[in-house]
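Have a look at protein-v7.csv below; it lists CSV, C-alpha atoms.
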chain,number,residue,atom,x,y,z
A,257,MET,CA,-39.7,241.5,307.9
A,258,LEU,CA,-39.9,238.0,309.4
A,259,ASN,CA,-42.7,237.2,306.9
A,260,VAL,CA,-40.5,238.2,304.0
A,261,ARG,CA,-37.7,236.0,305.2
A,262,VAL,CA,-40.1,233.0,305.6
A,263,VAL,CA,-41.4,233.5,302.1
A,264,MET,CA,-37.8,233.8,300.7
A,265,LEU,CA,-36.9,230.6,302.5
A,266,LEU,CA,-39.9,228.8,301.0
A,267,LEU,CA,-39.1,230.0,297.6
A,268,ALA,CA,-35.5,228.8,298.0
A,269,LEU,CA,-36.8,225.4,299.0
A,270,LEU,CA,-39.1,225.3,296.0
A,271,TRP,CA,-36.2,226.2,293.7
A,272,ILE,CA,-34.1,223.5,295.2
A,273,GLN,CA,-36.8,220.9,294.6
A,274,LEU,CA,-37.4,221.6,290.9
A,275,PRO,CA,-34.2,220.2,289.3
A,276,ALA,CA,-34.3,217.2,291.6
A,277,SER,CA,-37.7,216.0,290.4
A,278,ALA,CA,-36.9,216.6,286.7
A,279,ALA,CA,-33.5,214.9,286.7
A,280,ILE,CA,-34.9,211.5,285.7
A,281,ASP,CA,-36.5,212.4,282.5
A,282,ALA,CA,-34.5,212.4,279.3
A,283,TYR,CA,-36.7,214.7,277.2
A,284,PRO,CA,-35.2,218.1,276.4
A,285,PHE,CA,-37.3,221.2,277.2
A,286,PRO,CA,-36.5,224.8,276.3
A,287,ASP,CA,-37.4,226.1,279.7
A,288,ASP,CA,-38.2,224.9,283.3
A,289,ALA,CA,-41.8,226.0,283.1
A,290,MET,CA,-42.5,223.5,280.3
A,291,ARG,CA,-40.5,220.8,282.1
A,292,HIS,CA,-42.6,221.4,285.2
A,293,ARG,CA,-45.8,221.1,283.3
A,294,TYR,CA,-44.6,217.9,281.7
A,295,THR,CA,-43.7,216.4,285.0
A,296,SER,CA,-47.0,217.3,286.7
A,297,LEU,CA,-49.0,216.1,283.6
A,298,ILE,CA,-47.4,212.7,283.5
A,299,ALA,CA,-47.9,212.4,287.3
A,300,GLU,CA,-51.7,213.0,286.9
A,301,LEU,CA,-52.3,210.8,283.9
A,302,ARG,CA,-53.1,207.1,284.6
A,303,CYS,CA,-51.4,204.4,282.7
A,304,PRO,CA,-54.2,202.6,280.7
A,305,GLN,CA,-52.4,199.2,280.8
A,306,CYS,CA,-51.4,199.0,284.5
A,307,LEU,CA,-54.6,199.8,286.4
A,308,ASN,CA,-52.9,201.8,289.3
A,309,THR,CA,-49.8,203.7,288.2
A,310,ASN,CA,-49.4,207.0,286.6
A,311,ILE,CA,-47.6,207.2,283.3
A,312,ALA,CA,-44.7,208.8,285.0
A,313,GLY,CA,-44.1,205.7,287.2
A,314,SER,CA,-44.7,202.9,284.6
A,315,ASP,CA,-42.4,201.0,282.3
A,316,ALA,CA,-45.3,199.8,280.2
A,317,MET,CA,-44.9,200.5,276.5
A,318,ILE,CA,-48.1,202.5,276.4
A,319,ALA,CA,-46.9,204.7,279.3
A,320,ARG,CA,-43.6,205.4,277.4
A,321,ASP,CA,-45.6,206.3,274.3
A,322,LEU,CA,-47.9,208.5,276.2
A,323,ARG,CA,-45.0,210.3,277.9
A,324,ARG,CA,-43.5,211.0,274.5
A,325,GLU,CA,-46.9,212.3,273.3
A,326,VAL,CA,-47.2,214.6,276.3
A,327,HIS,CA,-43.7,215.9,275.7
A,328,ARG,CA,-44.7,216.6,272.0
A,329,LEU,CA,-47.9,218.3,273.0
A,330,VAL,CA,-46.3,220.5,275.6
A,331,LEU,CA,-43.6,221.6,273.1
A,332,ASP,CA,-46.4,222.1,270.6
A,333,GLY,CA,-47.8,224.9,272.8
A,334,GLN,CA,-50.9,223.0,273.9
A,335,THR,CA,-52.4,224.0,277.3
A,336,ASP,CA,-52.7,221.5,280.1
A,337,ASP,CA,-56.5,221.3,279.6
A,338,GLN,CA,-56.0,220.7,275.9
A,339,ILE,CA,-53.6,217.8,276.7
A,340,ARG,CA,-56.1,216.3,279.2
A,341,GLU,CA,-58.8,216.6,276.5
A,342,PHE,CA,-56.5,214.9,274.0
A,343,MET,CA,-56.0,211.9,276.4
A,344,LEU,CA,-59.7,211.9,277.4
A,345,ALA,CA,-60.9,211.7,273.8
A,346,ARG,CA,-58.7,208.6,273.2
A,347,TYR,CA,-58.7,206.7,276.5
A,348,GLY,CA,-61.8,208.0,278.4
A,349,ASP,CA,-62.2,208.9,282.1
A,350,PHE,CA,-59.9,206.1,283.1
A,351,ILE,CA,-56.8,208.1,282.0
A,352,LEU,CA,-57.5,210.9,284.5
A,353,TYR,CA,-56.8,210.2,288.2
A,354,LYS,CA,-59.1,213.1,288.9
A,355,PRO,CA,-62.1,212.6,286.5
A,356,GLN,CA,-64.1,215.6,285.4
A,357,LEU,CA,-67.4,216.4,287.1
A,358,ARG,CA,-70.1,215.2,284.7
A,359,ALA,CA,-73.4,213.3,285.0
A,360,GLY,CA,-71.5,210.0,284.4
A,361,THR,CA,-68.9,210.6,287.1
A,362,LEU,CA,-71.3,211.9,289.8
A,363,VAL,CA,-71.2,208.5,291.6
A,364,LEU,CA,-67.4,208.7,291.7
A,365,TRP,CA,-67.4,212.1,293.2
A,366,PHE,CA,-70.3,211.8,295.6
A,367,GLY,CA,-70.6,208.1,296.2
A,368,PRO,CA,-68.2,208.1,299.2
A,369,LEU,CA,-70.1,211.1,300.7
A,370,VAL,CA,-73.3,209.1,300.4
A,371,PHE,CA,-71.7,206.1,302.1
A,372,LEU,CA,-70.4,208.4,304.9
A,373,LEU,CA,-73.9,209.9,305.4
A,374,ILE,CA,-75.5,206.4,305.6
A,375,ALA,CA,-72.8,205.4,308.1
A,376,LEU,CA,-73.5,208.5,310.2
A,377,VAL,CA,-77.2,207.9,310.2
A,378,VAL,CA,-76.7,204.3,311.2
A,379,VAL,CA,-74.3,205.2,314.0
A,380,PHE,CA,-76.5,208.0,315.2
A,381,ARG,CA,-79.6,205.8,315.3
A,382,LEU,CA,-77.8,203.0,317.1
A,383,LEU,CA,-76.4,205.3,319.7
A,384,ARG,CA,-79.8,206.9,320.3
A,385,ARG,CA,-81.5,203.5,320.6
A,386,ARG,CA,-78.8,202.3,323.1
A,387,GLY,CA,-79.4,205.5,325.1
A,388,MET,CA,-83.1,205.0,325.2
A,389,LYS,CA,-82.8,201.4,326.3
A,390,ALA,CA,-80.7,202.4,329.3
A,391,VAL,CA,-83.4,204.8,330.4
A,392,ALA,CA,-86.1,202.2,329.7
A,393,LEU,CA,-84.9,199.7,332.2
A,394,SER,CA,-88.0,198.5,334.1
A,395,ASP,CA,-88.4,198.4,337.9
A,396,GLN,CA,-88.1,194.7,337.8
A,397,ASP,CA,-84.9,194.8,335.9
A,398,GLN,CA,-83.6,197.5,338.1
A,399,ALA,CA,-84.2,195.4,341.2
A,400,ARG,CA,-82.6,192.4,339.6
A,401,LEU,CA,-79.6,194.5,338.6
A,402,LYS,CA,-79.2,195.7,342.2
A,403,GLN,CA,-79.5,192.2,343.4
A,404,LEU,CA,-76.8,190.9,341.1
A,405,LEU,CA,-74.5,193.8,341.9
A,406,THR,CA,-74.7,193.3,345.7
A,407,LYS,CA,-74.2,189.6,345.5
B,95,MET,CA,-89.2,193.8,320.8
B,96,LYS,CA,-90.0,195.6,317.6
B,97,GLY,CA,-86.9,197.8,317.9
B,98,VAL,CA,-84.7,194.7,318.3
B,99,ASN,CA,-86.0,193.2,315.1
B,100,LYS,CA,-85.4,196.4,313.1
B,101,SER,CA,-81.8,196.7,314.2
B,102,LEU,CA,-81.2,193.1,313.2
B,103,LEU,CA,-82.1,194.1,309.7
B,104,ILE,CA,-79.3,196.6,309.4
B,105,PRO,CA,-76.5,194.0,309.0
B,106,LEU,CA,-78.7,192.2,306.5
B,107,GLY,CA,-79.1,195.4,304.6
B,108,VAL,CA,-75.4,196.0,304.6
B,109,PHE,CA,-74.8,192.5,303.5
B,110,VAL,CA,-77.2,192.8,300.6
B,111,LEU,CA,-75.6,196.1,299.5
B,112,LEU,CA,-72.2,194.5,299.7
B,113,VAL,CA,-73.3,191.5,297.6
B,114,ALA,CA,-74.8,193.9,295.0
B,115,VAL,CA,-71.6,195.9,294.8
B,116,LEU,CA,-69.3,192.8,294.6
B,117,ALA,CA,-71.6,191.1,292.1
B,118,VAL,CA,-71.1,194.1,289.7
B,119,GLY,CA,-67.4,194.2,290.5
B,120,PHE,CA,-66.8,190.5,289.8
B,121,ARG,CA,-68.9,190.6,286.7
B,122,LEU,CA,-66.3,192.8,285.1
B,123,GLU,CA,-64.4,189.8,283.8
B,124,ASP,CA,-61.3,191.8,282.9
B,125,PRO,CA,-60.4,194.8,285.0
B,126,HIS,CA,-58.0,195.8,282.1
B,127,PHE,CA,-60.9,196.3,279.8
B,128,LEU,CA,-61.6,199.9,279.0
B,129,PRO,CA,-64.6,201.0,276.9
B,130,SER,CA,-63.4,202.6,273.7
B,131,GLN,CA,-63.9,206.3,273.3
B,132,LEU,CA,-63.8,205.9,269.5
B,133,ILE,CA,-67.0,204.0,268.9
B,134,ASP,CA,-69.0,205.9,266.2
B,135,GLN,CA,-66.0,208.1,265.5
B,136,PRO,CA,-64.3,208.1,262.1
B,137,PHE,CA,-61.1,206.2,261.9
B,138,PRO,CA,-58.3,208.6,262.8
B,139,GLU,CA,-56.4,210.2,259.9
B,140,PHE,CA,-53.0,208.7,259.2
B,141,SER,CA,-50.3,208.5,256.6
B,142,LEU,CA,-48.0,205.6,257.2
B,143,GLN,CA,-45.8,203.1,255.3
B,144,ALA,CA,-47.1,199.7,254.2
B,145,LEU,CA,-45.1,196.9,255.9
B,146,ASN,CA,-44.5,194.9,252.8
B,147,GLU,CA,-44.2,197.7,250.3
B,148,PRO,CA,-42.1,200.3,252.1
B,149,GLU,CA,-42.4,202.8,249.1
B,150,ARG,CA,-46.2,202.7,249.5
B,151,GLU,CA,-47.9,205.4,251.7
B,152,LEU,CA,-51.1,204.2,253.2
B,153,THR,CA,-53.9,206.6,254.3
B,154,THR,CA,-57.3,206.4,255.8
B,155,ALA,CA,-58.7,206.2,252.2
B,156,ASP,CA,-57.0,202.8,251.8
B,157,ILE,CA,-59.2,201.2,254.5
B,158,THR,CA,-62.5,202.9,253.7
B,159,GLY,CA,-65.2,201.8,251.3
B,160,GLN,CA,-66.2,198.4,252.7
B,161,VAL,CA,-67.0,197.0,256.0
B,162,ALA,CA,-63.6,195.9,257.3
B,163,LEU,CA,-61.6,194.5,260.2
B,164,VAL,CA,-58.5,196.3,261.4
B,165,ASN,CA,-56.3,194.2,263.6
B,166,VAL,CA,-53.5,195.7,265.9
B,167,TRP,CA,-50.7,193.2,266.1
B,168,ALA,CA,-47.0,192.9,266.9
B,169,THR,CA,-44.3,190.3,267.1
B,170,TRP,CA,-43.8,190.9,270.8
B,171,CYS,CA,-47.4,190.0,271.5
B,172,PRO,CA,-47.9,186.4,272.4
B,173,ASN,CA,-51.7,186.6,272.1
B,174,CYS,CA,-51.3,187.8,268.5
B,175,LEU,CA,-49.7,184.5,267.7
B,176,LEU,CA,-52.6,182.7,269.5
B,177,GLU,CA,-55.2,184.4,267.4
B,178,HIS,CA,-53.2,184.1,264.2
B,179,PRO,CA,-54.8,180.9,263.0
B,180,GLU,CA,-58.3,182.4,263.4
B,181,LEU,CA,-57.2,185.5,261.5
B,182,MET,CA,-55.9,183.3,258.7
B,183,ARG,CA,-59.2,181.5,258.6
B,184,ILE,CA,-61.2,184.7,258.5
B,185,SER,CA,-59.1,186.1,255.6
B,186,ARG,CA,-59.4,182.8,253.8
B,187,GLU,CA,-63.1,182.0,254.3
B,188,GLU,CA,-65.0,185.1,255.3
B,189,GLY,CA,-64.5,187.4,252.4
B,190,ILE,CA,-64.1,190.6,254.5
B,191,PRO,CA,-61.1,192.9,254.1
B,192,LEU,CA,-58.7,192.4,257.0
B,193,TYR,CA,-56.0,195.1,257.5
B,194,GLY,CA,-53.2,195.0,260.1
B,195,ILE,CA,-51.6,197.7,262.1
B,196,ASN,CA,-48.1,196.6,263.0
B,197,TYR,CA,-47.9,198.4,266.4
B,198,ASN,CA,-44.7,199.5,268.2
B,199,ASP,CA,-42.6,196.9,266.3
B,200,GLU,CA,-39.5,196.5,264.3
B,201,SER,CA,-40.5,196.2,260.6
B,202,GLU,CA,-37.8,193.7,259.7
B,203,LYS,CA,-38.9,191.4,262.5
B,204,ALA,CA,-42.5,191.9,261.6
B,205,ARG,CA,-41.9,191.0,257.9
B,206,ARG,CA,-40.1,187.8,258.9
B,207,TRP,CA,-43.0,187.0,261.4
B,208,LEU,CA,-45.5,187.2,258.6
B,209,VAL,CA,-43.4,185.0,256.3
B,210,ARG,CA,-43.1,182.4,259.1
B,211,HIS,CA,-46.7,182.4,260.3
B,212,LYS,CA,-48.3,183.4,256.9
B,213,ASN,CA,-49.9,186.7,256.2
B,214,PRO,CA,-53.7,187.1,256.8
B,215,PHE,CA,-53.7,190.9,256.1
B,216,ALA,CA,-54.4,192.7,252.8
B,217,PHE,CA,-51.6,195.0,254.1
B,218,SER,CA,-50.2,196.1,257.4
B,219,ILE,CA,-49.8,199.7,258.4
B,220,VAL,CA,-46.4,200.4,260.0
B,221,ASP,CA,-47.0,202.2,263.3
B,222,ASP,CA,-43.6,201.8,264.7
B,223,LYS,CA,-43.9,204.9,267.0
B,224,GLY,CA,-47.3,203.9,268.3
B,225,LYS,CA,-48.8,207.2,267.2
B,226,LEU,CA,-51.8,205.7,265.3
B,227,GLY,CA,-52.2,203.4,268.3
B,228,ILE,CA,-52.6,206.4,270.6
B,229,ASP,CA,-55.1,208.0,268.2
B,230,LEU,CA,-57.1,204.8,268.3
B,231,GLY,CA,-56.9,204.6,272.1
B,232,VAL,CA,-55.0,201.3,271.9
B,233,TYR,CA,-53.3,200.2,275.1
B,234,GLY,CA,-52.0,196.8,274.2
B,235,ALA,CA,-52.2,194.2,271.5
B,236,PRO,CA,-54.1,192.4,270.0
B,237,GLU,CA,-57.1,194.7,269.5
B,238,THR,CA,-59.5,194.4,266.6
B,239,PHE,CA,-61.7,197.2,265.2
B,240,VAL,CA,-64.7,196.8,263.0
B,241,LEU,CA,-65.2,199.6,260.5
B,242,ASP,CA,-68.4,200.3,258.5
B,243,ALA,CA,-68.4,201.1,254.8
B,244,LYS,CA,-67.9,204.8,255.6
B,245,GLY,CA,-64.8,204.2,257.6
B,246,VAL,CA,-66.4,204.8,261.0
B,247,ILE,CA,-65.3,202.7,263.9
B,248,ARG,CA,-68.3,200.7,265.0
B,249,TYR,CA,-66.9,198.1,267.3
B,250,ARG,CA,-63.7,197.3,269.1
B,251,HIS,CA,-62.6,193.9,270.5
B,252,VAL,CA,-59.8,193.9,273.1
B,253,GLY,CA,-57.8,190.7,273.2
B,254,GLU,CA,-57.6,187.6,271.0
B,255,VAL,CA,-60.1,186.9,268.3
B,256,THR,CA,-61.2,183.3,268.9
B,257,ARG,CA,-63.6,181.3,266.9
B,258,ARG,CA,-66.2,182.1,269.5
B,259,VAL,CA,-65.6,185.8,269.4
B,260,TRP,CA,-66.0,185.6,265.6
B,261,GLU,CA,-69.2,183.6,265.7
B,262,GLU,CA,-70.9,185.4,268.6
B,263,THR,CA,-69.8,189.0,268.1
B,264,LEU,CA,-67.8,190.0,265.1
B,265,SER,CA,-69.7,188.0,262.5
B,266,PRO,CA,-73.2,189.3,263.5
B,267,ILE,CA,-71.9,192.9,263.7
B,268,ILE,CA,-70.3,192.6,260.3
B,269,ASP,CA,-73.6,191.2,258.9
B,270,LEU,CA,-75.5,194.2,260.4
B,271,LEU,CA,-73.0,196.7,259.0
B,272,GLN,CA,-73.1,195.1,255.5
B,273,ALA,CA,-76.9,195.2,255.6
B,274,GLU,CA,-76.7,198.9,256.6
B,275,ALA,CA,-74.3,199.7,253.8
B,276,LEU,CA,-76.7,198.0,251.3
B,277,ALA,CA,-79.6,199.9,252.7
B,278,ALA,CA,-77.7,203.1,252.3
B,279,THR,CA,-77.1,202.4,248.6
B,280,GLY,CA,-80.9,202.4,248.2
B,281,GLN,CA,-81.5,198.6,247.7
B,282,PRO,CA,-85.2,197.9,248.1
B,283,GLY,CA,-86.6,195.5,250.7
B,284,LEU,CA,-84.1,196.1,253.4
B,285,SER,CA,-85.3,197.6,256.6
B,286,SER,CA,-83.0,199.5,258.9
B,287,PRO,CA,-81.0,196.8,260.7
B,288,ALA,CA,-81.0,196.1,264.4
B,289,THR,CA,-78.4,197.8,266.5
B,290,ILE,CA,-75.0,196.6,267.5
B,291,ALA,CA,-76.0,197.0,271.1
B,292,ALA,CA,-78.3,194.1,270.7
B,293,VAL,CA,-75.5,191.8,269.5
B,294,GLU,CA,-73.3,192.9,272.4
B,295,GLY,CA,-76.1,192.5,274.9

Any chance you could give the structure as structure tokens?
Amino acid sequence: MLNVRVVMLLLALLWIQLPASAAIDAYPFPDDAMRHRYTSLIAELRCPQCLNTNIAGSDAMIARDLRREVHRLVLDGQTDDQIREFMLARYGDFILYKPQLRAGTLVLWFGPLVFLLIALVVVFRLLRRRGMKAVALSDQDQARLKQLLTK
Amino acid sequence: MKGVNKSLLIPLGVFVLLVAVLAVGFRLEDPHFLPSQLIDQPFPEFSLQALNEPERELTTADITGQVALVNVWATWCPNCLLEHPELMRISREEGIPLYGINYNDESEKARRWLVRHKNPFAFSIVDDKGKLGIDLGVYGAPETFVLDAKGVIRYRHVGEVTRRVWEETLSPIIDLLQAEALAATGQPGLSSPATIAAVEG
């Protein structure tokens, strides 16, 4: 029973959030599902002119034009994937904040992982070497250490 | 002693890697430059008004048939004014069709602009909604496209066309494309021309 109540509460919260996020945009939509798709699409498409803003958050002319185009395509009955393809065909991988997984984008997807692995290997080897050195203190050094410590 | 030497190499290795990455990064002169998706694609279909003959409907057929330049311009674009003298010179001296796309602009203003600064274009296509611009993957102005005789986009230049851009890039590419068009009509003695990639490289 408690679970049902929690779910209801979450749904209520979701419902409250929807009109709040869509309030800014001036384009008319026949239903909230389309409006929601529009808002999430313009949030995930990158503005080609402004390097690091999505087309939802940019005042650039091209961003405005692309928002109008997304609106048109959504009303046209195109699926999200078709709209992404439309943008990709014209502006290339740059337009997608989450580029597709292809041979050309492998470095983007797995580059950071490779760097992490290199870092881990370096850290691991450094730690191991440091550990070995502590063990490998010679008798002479040991004696000198003791001498220094008791001074 | 050997171990110490080896670990000294690690910062050096990291440094070399960093230099390599930054060298590539800084080589990209303009971070705004995006490679065009439309190279080797036919010019997108359109049907739009001619700027100076509002009753005339222009289509893709109007810009196909010869190797041509298509320049995206607007009155709000300061670099369009900067490249304007070079466009005037090209249209006067180079004997290659030069078409304009008046992009995201007010036609009345654009007509006055062309009167004031002279008109280098055979005609300008009115793209006041930026729709053709989107189909071309345009994200600013000026941009200049080189079309081959079949109306296929073969090269795109982002930013001003300067004398240097003309001499080092556009002109050699146009020569190649014209040779290619001649070869296609079955003229003897013309071998298949070198690639555009060679000019760019």

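Any residue of chain B with an atom no more than 6 Å from chain A counts as a contact; using only C-alpha atoms, that gives Gln131, Gly231 and Tyr233 of chain B.
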
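When CA of Tyr197 (chain B) is paired with CA of Phe217 (chain B), their separation reads 13.3 Å.
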
Quiz item: Skipping near chain neighbours, those fewer than 4 positions away, what residues fall within 9 Å of region 262-271 of chain B using all atoms listed in the file, listed as a ChimeraX atom specification?
Solution: /B:161-163,190,240-243,248-249,251,255,257-258,275-276,287-290,293-294

Just-selected residues, C-alpha atoms written as an mmCIF file, in the coordinates of the input:
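Resulting contents of again_25.cif:
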data_model
loop_
_atom_site.group_PDB
_atom_site.id
_atom_site.type_symbol
_atom_site.label_atom_id
_atom_site.label_comp_id
_atom_site.auth_asym_id
_atom_site.auth_seq_id
_atom_site.Cartn_x
_atom_site.Cartn_y
_atom_site.Cartn_z
ATOM 1 C CA VAL B 161 -67.000 197.000 256.000
ATOM 2 C CA ALA B 162 -63.600 195.900 257.300
ATOM 3 C CA LEU B 163 -61.600 194.500 260.200
ATOM 4 C CA ILE B 190 -64.100 190.600 254.500
ATOM 5 C CA VAL B 240 -64.700 196.800 263.000
ATOM 6 C CA LEU B 241 -65.200 199.600 260.500
ATOM 7 C CA ASP B 242 -68.400 200.300 258.500
ATOM 8 C CA ALA B 243 -68.400 201.100 254.800
ATOM 9 C CA ARG B 248 -68.300 200.700 265.000
ATOM 10 C CA TYR B 249 -66.900 198.100 267.300
ATOM 11 C CA HIS B 251 -62.600 193.900 270.500
ATOM 12 C CA VAL B 255 -60.100 186.900 268.300
ATOM 13 C CA ARG B 257 -63.600 181.300 266.900
ATOM 14 C CA ARG B 258 -66.200 182.100 269.500
ATOM 15 C CA ALA B 275 -74.300 199.700 253.800
ATOM 16 C CA LEU B 276 -76.700 198.000 251.300
ATOM 17 C CA PRO B 287 -81.000 196.800 260.700
ATOM 18 C CA ALA B 288 -81.000 196.100 264.400
ATOM 19 C CA THR B 289 -78.400 197.800 266.500
ATOM 20 C CA ILE B 290 -75.000 196.600 267.500
ATOM 21 C CA VAL B 293 -75.500 191.800 269.500
ATOM 22 C CA GLU B 294 -73.300 192.900 272.400
#

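Using only C-alpha atoms, the contacts of Cys174 (chain B) at a cut-off of 12 Å, with sequence neighbours closer than 6 positions omitted, comprise B:Asn165, B:Val166, B:Trp167, B:Ala168, B:Glu180, B:Leu181, B:Met182, B:Gly194, B:Ile195, B:Asn196, B:Tyr197, B:Ala204, B:Trp207, B:Leu208, B:His211, B:Pro214, B:Gly234, B:Ala235, B:Pro236, B:Glu237, B:Thr238, B:Val252, B:Gly253, B:Glu254, B:Val255, B:Thr256.
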
Quiz item: For Lys212 (chain B), which of B:Leu175, B:Leu132, B:Leu102, B:Val115 is the closest residue, counting only C-alpha atoms?
Solution: B:Leu175

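Distance-wise, CA of Ala144 (chain B) and CA of Arg328 (chain A) end up 24.7 Å apart.
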
Exercise. Counting all atoms listed in the file, find the residues whose atoms lie at most 10 Å from (-78.7, 198.8, 308.8) (file coordinates) and write them out as a ChimeraX atom specification.
Key: /A:374-375,377-379,381-382 /B:100-109

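Put simply, CA of His292 (chain A) is 15.1 Å away from CA of Asp332 (chain A).
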
Exercise. Tell me which protein, DNA and RNA residues are within 10 Å of Thr335 (chain A), counting all atoms listed in the file, leaving out same-chain ones fewer than 6 positions away, and put them as a PyMOL selection string.
Key: chain A and resi 293+329+341

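Considering the residues B:Pro148, B:Arg183, B:Arg210, B:Leu230 and counting all atoms listed in the file, Ile247 (chain B) has its shortest atom-to-atom contact with B:Leu230.
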